[in-house]
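*Asks:* Here it is, the structure in full.
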Amino acid sequence: MATLRDKFGGCLLGATIGDVVGAAVEAESAAYIAKTFRSVDDILALETVEEFTGPPWRVGRYTDDTQMMLCVAEWLLEPEPHAPQRLLERFAETYEPSRRYGPGTEAILRLFPEQKKNWRELSTMQFPHGSLGNGSAMRVAPIGLAYRNDLKKAAATAIESSRPTHSHPLAYQAAVLQCLAVAIAAASTEFSCDAFLKPLRASLVYFDDLMQDTSRFTGALRALEEGLARGASCAEMSTILGTGVTAYEAVPMALYCFLRHPHSFADVIHHAVFIGGDTDTIACMAGAISGAFLGVASIPIAWRNAIREDAYSADAIERLADALFDRYASPEA
């Protein structure tokens, strides 16, 4: 079994690799991906893919998913308290339009430098009730690592990390579910489907007590359990859970990819990508959970080497994971 340090590295690298692979086929249909590629290796063998606008996308780059996840990790390394405004500042400092940010988040990051005092209002500028996209769930993995032994703290911090850009109740619920999935994976030494799902179901009670509608996620978790019980493939479950950009589609689908293939990082990423849709985010979240459970050694070396980034190479991401481990886990090592 992987050491806890290896799990930290596996989580951040796993999320990055899922993002990198998924970015090359983002928004494509499952039929197109299956017709064009046989494997993840085929996808990573590409040099570039065409973008909807702008120059071709270089395969090996990560998107806003990883960029913002790394910001969350760095935010956690700053002295407490972990204020959401400071996280938003970090997002704005590292903002690169070419990373494929969602339009709502992009608008917030463009406006923030001139609207720092009004940062709370920015999250409802484009969506009056807040965005229910998957943007805060995709970046939350480092919080699950940090607070894997305190799920209440993990959930509260996940909500705070969501607040600056995704303030819809469903975005909060999604961020908590993804965060806790990573936390449980990092803290687990053996796989048990019920051990993963029971705390996730329980976490929704908090939102019930706030009179929030949790039916989207309670229904998704129920469908997920039923799918696992009958051995449904990820492709089949994608027609039930969905593969879109909404938080209530992407998070359950990512969770299913992991729970269906808990002992193989490669299988998790393959199925998360070959279902089509919002492939970069679903594979990013599934890769974070799988990497947190299996550790860095579970990641194929060729996939690790496929990351083509300067500021955050694979080695740099592992160093960040080590710093996070030293801050939040070294007494247990």
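By convention here, the chains of the structure tokens are called A, B, ... in the order presented, each chain's residues are numbered starting at 1, and ligands are numbered starting at 1 in the order presented.
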At most 12 Å is the cut-off: for each residue in region 139-162 of chain A with any atom that close to an atom of region 90-107 of chain A, write down the nearest atom pair and the distance in Å rounded to one decimal, counting only C-alpha atoms, chain first then increasing number, as CSV.
*Replies:*
```
residue,atom,partner,partner_atom,distance
A:Arg139,CA,A:Phe91,CA,11.1
A:Ser161,CA,A:Phe91,CA,11.0
A:Ser162,CA,A:Thr105,CA,11.3
```
*Asks:* I need the chosen residues saved as a compact mmCIF listing (two decimals), in the first residue's frame, with C-alpha atoms.
*Replies:*
```txt
# COMPACT_ATOMS: atom_id res chain seq x y z
CA ARG A 139 -9.86 22.25 -7.64
CA SER A 161 -12.89 27.64 -1.25
CA SER A 162 -15.97 27.48 -3.46
```
*Asks:* Counting only C-alpha atoms, what is within 12 Å of Pro84 (chain A), bar same-chain residues fewer than 4 positions away, as an NGL selection string?
*Replies:* :A and (71-72 or 75-76 or 80 or 88-91 or 116 or 119-120 or 123 or 156-167)
*Asks:* Could you give me, as a PyMOL selection string, the residues within 6 Å of region 237-246 of chain A, counting only C-alpha atoms and dropping anything in the same chain fewer than 2 positions from it?
*Replies:* chain A and resi 132-134+234-235+248-250+277-278
*Asks:* I need the residues in region 81-187 of chain A that are helix (DSSP H, G or I) according to DSSP; give them as an NGL selection string.
*Replies:* :A and (84-93 or 97-99 or 103-114 or 116-122 or 141-146 or 151-162 or 169-187)
*Asks:* Per residue of region 138-198 of chain A within 12 Å of region 312-330 of chain A, what are the shortest atom pair and its distance in Å to one decimal, counting only C-alpha atoms, with rows by chain and residue number, as CSV?
*Replies:*
```
residue,atom,partner,partner_atom,distance
A:Ala141,CA,A:Ala321,CA,11.2
A:Pro142,CA,A:Leu324,CA,8.0
A:Ile143,CA,A:Leu324,CA,9.8
A:Gly144,CA,A:Tyr328,CA,10.9
A:Leu145,CA,A:Tyr328,CA,8.2
A:Ala146,CA,A:Tyr328,CA,5.5
A:Tyr147,CA,A:Tyr328,CA,7.8
A:Arg148,CA,A:Tyr328,CA,9.5
A:Asn149,CA,A:Ala329,CA,10.0
A:Asp150,CA,A:Tyr328,CA,11.6
A:Ala186,CA,A:Ala329,CA,11.0
A:Ala187,CA,A:Ala329,CA,11.0
```
*Asks:* Please produce an output containing C-alpha atoms for each residue in the selection, written as a PDB file, in the first residue's frame.
*Replies:*
```pdb
ATOM      1  CA  ALA A 141      -8.511  17.961  -3.854  1.00  0.00           C
ATOM      2  CA  PRO A 142      -5.695  19.528  -1.757  1.00  0.00           C
ATOM      3  CA  ILE A 143      -8.223  20.335   0.974  1.00  0.00           C
ATOM      4  CA  GLY A 144      -9.213  16.678   1.158  1.00  0.00           C
ATOM      5  CA  LEU A 145      -5.573  15.738   1.594  1.00  0.00           C
ATOM      6  CA  ALA A 146      -4.952  18.348   4.288  1.00  0.00           C
ATOM      7  CA  TYR A 147      -8.006  17.522   6.387  1.00  0.00           C
ATOM      8  CA  ARG A 148      -8.410  13.820   5.656  1.00  0.00           C
ATOM      9  CA  ASN A 149      -8.715  13.093   9.395  1.00  0.00           C
ATOM     10  CA  ASP A 150     -11.226  15.867  10.093  1.00  0.00           C
ATOM     11  CA  ALA A 186      -6.045   9.360   1.312  1.00  0.00           C
ATOM     12  CA  ALA A 187      -6.961   7.987   4.734  1.00  0.00           C
TER      13      ALA A 187
END
```
*Asks:* Please measure the separation of CA of Pro300 (chain A) and CA of Ser192 (chain A), giving the value in Å to one decimal.
*Replies:*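 Between CA of Pro300 (chain A) and CA of Ser192 (chain A) the gap works out to 24.1 Å.
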*Asks:* DSSP on the backbone, strand (DSSP E or B) only: what residues of region 51-285 of chain A does that give? Format it as a list of chain:residue names.
*Replies:* A:Trp57, A:Arg58, A:Val59, A:Arg61, A:Gly133, A:Thr246
*Asks:* Could you name the residues that touch Glu47 (chain A) at 9 Å or less, counting only C-alpha atoms, but leaving out those on the same chain fewer than 5 positions away, as a ChimeraX atom specification?
*Replies:* /A:57-60
*Asks:* Can you measure CA of Ala24 (chain A) to CA of Leu12 (chain A) for me? One decimal in Å is fine.
*Replies:*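 Interatomic distance, CA of Ala24 (chain A) to CA of Leu12 (chain A): 19.1 Å.
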*Asks:* What gap, in Å, lies between CA of Pro252 (chain A) and CA of Val25 (chain A)?
*Replies:*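 Interatomic distance, CA of Pro252 (chain A) to CA of Val25 (chain A): 20.1 Å.
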*Asks:* Can you tell me which residues surround Glu190 (chain A) at a distance of at most 12 Å, considering only C-alpha atoms, apart from same-chain residues fewer than 2 positions away, and format the answer as a list in words?
*Replies:*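 In the requested format, the answer is Met1, Ala2, Ile184, Ala185, Ala186, Ala187, Ser188, Ser192, Cys193, Asp194, Ala195, Phe196, Pro262, His263, Phe293 and Leu294 of chain A.
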*Asks:* Those residues you just picked out, can you put them in a file as a tab-separated table (two decimals), in the first residue's frame with N, CA and C atoms?
*Replies:*
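Done, and the output landed in part25.tsv:
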```tsv
chain	number	residue	atom	x	y	z
A	1	MET	N	0.84	-1.20	0.00
A	1	MET	CA	0.00	0.00	0.00
A	1	MET	C	0.88	1.25	0.00
A	2	ALA	N	0.43	2.25	-0.67
A	2	ALA	CA	1.20	3.50	-0.77
A	2	ALA	C	1.33	4.18	0.58
A	184	ILE	N	-11.20	10.57	2.08
A	184	ILE	CA	-11.40	9.17	2.42
A	184	ILE	C	-10.38	8.30	1.71
A	185	ALA	N	-10.11	8.62	0.44
A	185	ALA	CA	-9.12	7.85	-0.33
A	185	ALA	C	-7.74	7.96	0.31
A	186	ALA	N	-7.37	9.16	0.72
A	186	ALA	CA	-6.05	9.36	1.31
A	186	ALA	C	-5.91	8.65	2.66
A	187	ALA	N	-7.00	8.58	3.40
A	187	ALA	CA	-6.96	7.99	4.73
A	187	ALA	C	-7.16	6.48	4.72
A	188	SER	N	-7.57	5.91	3.60
A	188	SER	CA	-7.91	4.49	3.53
A	188	SER	C	-6.69	3.64	3.18
A	192	SER	N	-13.18	-0.16	0.35
A	192	SER	CA	-14.54	-0.58	0.70
A	192	SER	C	-15.49	0.45	0.10
A	193	CYS	N	-16.35	0.00	-0.78
A	193	CYS	CA	-17.27	0.92	-1.42
A	193	CYS	C	-18.15	1.62	-0.39
A	194	ASP	N	-18.64	0.87	0.59
A	194	ASP	CA	-19.51	1.47	1.59
A	194	ASP	C	-18.75	2.48	2.44
A	195	ALA	N	-17.47	2.20	2.71
A	195	ALA	CA	-16.67	3.14	3.50
A	195	ALA	C	-16.49	4.46	2.77
A	196	PHE	N	-16.52	4.43	1.43
A	196	PHE	CA	-16.45	5.66	0.66
A	196	PHE	C	-17.79	6.38	0.64
A	262	PRO	N	-11.30	0.72	-8.68
A	262	PRO	CA	-10.54	1.29	-7.56
A	262	PRO	C	-9.07	0.90	-7.51
A	263	HIS	N	-8.69	-0.16	-8.19
A	263	HIS	CA	-7.32	-0.66	-8.06
A	263	HIS	C	-6.47	-0.38	-9.29
A	293	PHE	N	-5.75	7.42	-3.41
A	293	PHE	CA	-5.91	6.06	-2.86
A	293	PHE	C	-4.72	5.17	-3.19
A	294	LEU	N	-4.26	5.21	-4.43
A	294	LEU	CA	-3.24	4.26	-4.89
A	294	LEU	C	-1.81	4.79	-4.79
```
*Asks:* Could you check which of A:Asn118, A:Thr48, A:Thr281, A:Ser290 is closest to Leu259 (chain A), using only C-alpha atoms?
*Replies:*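 Of the candidates, the smallest distance to Leu259 (chain A) is held by A:Ser290.
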*Asks:* My list of candidates is A:Gln85, A:Leu210, A:Pro169, A:Glu50. Which is closest to Gln115 (chain A) when distances are computed with only C-alpha atoms?
*Replies:*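 When distances to Gln115 (chain A) are compared using only C-alpha atoms, the smallest one comes from A:Gln85.
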*Asks:* For Ala220 (chain A), find every residue with an atom within 12 Å (counting only C-alpha atoms), except residues of its own chain fewer than 2 positions away, and show them as a PyMOL selection string.
*Replies:* chain A and resi 174+177+197+200-201+214-218+222-227+237-238+240-242+247-256
*Asks:* Within 7 Å of Gly18 (chain A), counting only C-alpha atoms, which residues qualify if same-chain residues fewer than 4 places away don't, as a PyMOL selection string?
*Replies:* chain A and resi 14+22+269+280+283-284+287
*Asks:* Please produce a file of the residues just selected, as an mmCIF file, in the first residue's frame, where the atoms kept are N, CA and C atoms.
*Replies:*
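Everything below was put into again-v7.cif:
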```cif
data_model
loop_
_atom_site.group_PDB
_atom_site.id
_atom_site.type_symbol
_atom_site.label_atom_id
_atom_site.label_comp_id
_atom_site.auth_asym_id
_atom_site.auth_seq_id
_atom_site.Cartn_x
_atom_site.Cartn_y
_atom_site.Cartn_z
ATOM 1 N N GLY A 14 -2.136 12.833 -10.138
ATOM 2 C CA GLY A 14 -3.258 12.131 -10.762
ATOM 3 C C GLY A 14 -4.285 13.085 -11.319
ATOM 4 N N GLY A 22 -7.676 14.560 -20.614
ATOM 5 C CA GLY A 22 -9.027 14.965 -20.961
ATOM 6 C C GLY A 22 -9.084 16.232 -21.788
ATOM 7 N N ILE A 269 -8.625 6.641 -15.484
ATOM 8 C CA ILE A 269 -8.435 7.729 -16.440
ATOM 9 C C ILE A 269 -8.980 7.353 -17.814
ATOM 10 N N ASP A 280 -11.933 16.743 -19.370
ATOM 11 C CA ASP A 280 -10.791 17.205 -18.571
ATOM 12 C C ASP A 280 -11.150 17.280 -17.099
ATOM 13 N N ALA A 283 -12.041 13.631 -15.605
ATOM 14 C CA ALA A 283 -10.815 12.852 -15.429
ATOM 15 C C ALA A 283 -9.907 13.465 -14.370
ATOM 16 N N CYS A 284 -9.906 14.784 -14.257
ATOM 17 C CA CYS A 284 -9.123 15.458 -13.223
ATOM 18 C C CYS A 284 -9.604 15.029 -11.837
ATOM 19 N N GLY A 287 -9.021 11.283 -11.299
ATOM 20 C CA GLY A 287 -7.592 11.046 -11.103
ATOM 21 C C GLY A 287 -7.112 11.465 -9.731
#
```
*Asks:* Under the rule that only C-alpha atoms are counted, which of A:Gly231, A:Pro55, A:Pro113, A:Gly291 is the nearest residue to Ala181 (chain A)?
*Replies:* A:Gly291
